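Here's the structure we're looking at; comments come further down.
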Amino acid sequence: MAENNVSNTPRVELEITQDTESWGKMVLELDAAKAPITAKNFLSYVDEGYYDGTIFHRVISDFMIQGGGFISMTKEKTAGLHEPIQNEAANGLKNRRGTIAMARTADPHSATSQFFINVADNAFLDYPGQDGWGYCVFGQLIEGLDVMHRIEDVETRKNPAMGGEQSLPLKPPMIKKAQCIKAD
């Protein structure tokens with residue numbers, strides 16, 4: 001891993017595009033002290049270039065934007081996927097606007113590469129949640145709030161894979177490059 005990843009607050013920069021248009025960058029500061037397994041997992045994917053070329057495939061205005069698992073709206077990225085990690089949602093961090101958390105299935109310990117950024121306060125996702133676990137927050141957005149909102153505002157349609165919810169971007173924003181950066 002990159003040398004700054006040993007910090008308790010490593011930073012990751014996501015360069016966002018849509019088609020060939022640059023949308024700017026979002027900088028995430030991870031909390032490796034409170035979510036060590038989750039931060040290490042996320043940083044491994046960043047260091048391996050896994051997130052490069054993945055899209056924000058699930059966008060729900062006033063809720064969250066989800067990415068890190070698809071390279072197109074119909075093709076999930078499976079090459080390079082790691083084993084699921086232990087859910088660290090009991091770490092005291094809350095699903096508040098601008099925080100990053102791990103996406104998972106109904107199995108609380110199923111998170112792999114997919115993550116979401118909360119675009120609103122989502123206390124119902126906090127530990128213990130409805131299933132006794134909740135969703136693990138492991139960092140926060142410290143730069144690029146405008147980019148987050150631009151992603152949140154993309155046009156969506158009903159997503160049959162998600163029970164018909166209005167979340168499927170017509171033109172999904174893409175993570176062109178994810179990389180670790182040094183703190184200022």
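Here, A, B, ... name the chains of the structure tokens in the order displayed, residue numbers run from 1 inside each chain, and ligands are numbered from 1 in the same displayed order.
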Query - Long-range neighbours of Gly49 of chain A as a ChimeraX atom specification, 9 Å cut-off, only C-alpha atoms, 4 positions minimum in chain - result: /A:44-45,53,177-179
Report task. Return as a VMD selection string the full set of residues in segment 6-105 of chain A whose backbone-based DSSP assignment is helix (DSSP H, G or I). Result -> chain A and resid 6 36 to 47 89 to 91
Closest atom pairs, residues of segment 134-175 of chain A within 12 Å of segment 75-89 of chain A, only C-alpha atoms, as a tab-separated table:
residue	atom	partner	partner_atom	distance
A:Gly134	CA	A:Ala89	CA	5.9
A:Tyr135	CA	A:Ala89	CA	5.4
A:Cys136	CA	A:Ala89	CA	3.8
A:Val137	CA	A:Ala89	CA	6.5
A:Phe138	CA	A:Glu88	CA	8.6
A:Gly139	CA	A:Ala89	CA	11.9
Requested in this report: Could you tell me which of A:Val154, A:Val12, A:Met174, A:Leu30 comes closest to Gly67 of chain A if we count only C-alpha atoms?
Outcome: A:Met174
Query - Residue nearest Lys25 of chain A among A:Met162, A:Pro172, A:Pro108, A:Val147 (counting only C-alpha atoms) - result: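 Going through A:Met162, A:Pro172, A:Pro108, A:Val147 one by one, the smallest distance to Lys25 of chain A is for A:Val147.
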**Report entry** Residues within 12 Å of Pro160 of chain A, only C-alpha atoms, excluding chain neighbours under 4 positions, as a list in words
**Finding:**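 These residues fall inside the cut-off: Arg58, Met73, Thr74, Gly164, Glu165, Gln166, Ser167 and Leu168 of chain A.
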Suppose we keep C-alpha atoms; can you now write the selection as a PDB file, in the first residue's frame?
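Below you can see out27.pdb, which holds the result:
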ATOM      1  CA  ARG A  58     -27.251   3.679  -7.890  1.00  0.00           C
ATOM      2  CA  MET A  73     -25.147  -0.374 -15.928  1.00  0.00           C
ATOM      3  CA  THR A  74     -25.313  -4.039 -16.943  1.00  0.00           C
ATOM      4  CA  GLY A 164     -38.304  -0.683  -9.206  1.00  0.00           C
ATOM      5  CA  GLU A 165     -36.806   2.139  -7.115  1.00  0.00           C
ATOM      6  CA  GLN A 166     -35.923   5.322  -9.022  1.00  0.00           C
ATOM      7  CA  SER A 167     -32.117   4.939  -8.884  1.00  0.00           C
ATOM      8  CA  LEU A 168     -30.681   3.842 -12.242  1.00  0.00           C
TER       9      LEU A 168
END
Query raised in the report: Which one is closest to Val119 of chain A: A:Ala39, A:Ile175, A:Ile55, A:Leu141? Count only C-alpha atoms.
Result: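 Selected residue with least distance to Val119 of chain A: A:Leu141.
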Query - Distance in Å - atom CA of Phe42 of chain A versus atom CA of Asp146 of chain A - result: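 Atom CA of Phe42 of chain A sits 22.8 Å away from atom CA of Asp146 of chain A.
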Query - Expected answer as number ranges by chain: strand (DSSP E) residues in segment 7-156 of chain A - result: A: 11-18, 21-30, 54-60, 64-67, 70-72, 75-76, 99-102, 115-118, 137-143, 156
Report task. Check the smallest atom-to-atom distance from each of A:Asp47, A:Asp131, A:Glu152, A:Asp126 to Ala106 of chain A using only C-alpha atoms, then report the winner. Result ->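 Checking each candidate against Ala106 of chain A, we get A:Asp131 as the closest.
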For Met64 of chain A, work out the shell of residues within 9 Å, counting only C-alpha atoms and skipping chain neighbours fewer than 5 positions away, then give it as a short mmCIF file (atom, residue, chain, number, x, y, z; two decimals) with C-alpha atoms, in the first residue's frame.
data_model
loop_
_atom_site.label_atom_id
_atom_site.label_comp_id
_atom_site.auth_asym_id
_atom_site.auth_seq_id
_atom_site.Cartn_x
_atom_site.Cartn_y
_atom_site.Cartn_z
CA ARG A 58 -27.25 3.68 -7.89
CA VAL A 59 -28.24 7.28 -7.25
CA ARG A 97 -24.44 13.87 5.09
CA PHE A 116 -21.95 4.82 -0.84
CA ILE A 117 -21.72 8.46 0.08
CA ASN A 118 -24.60 9.75 2.18
CA VAL A 119 -26.08 12.90 0.59
CA ALA A 120 -28.40 13.34 3.59
CA ASN A 122 -29.49 8.65 7.27
CA GLU A 152 -26.94 13.19 -6.84
#
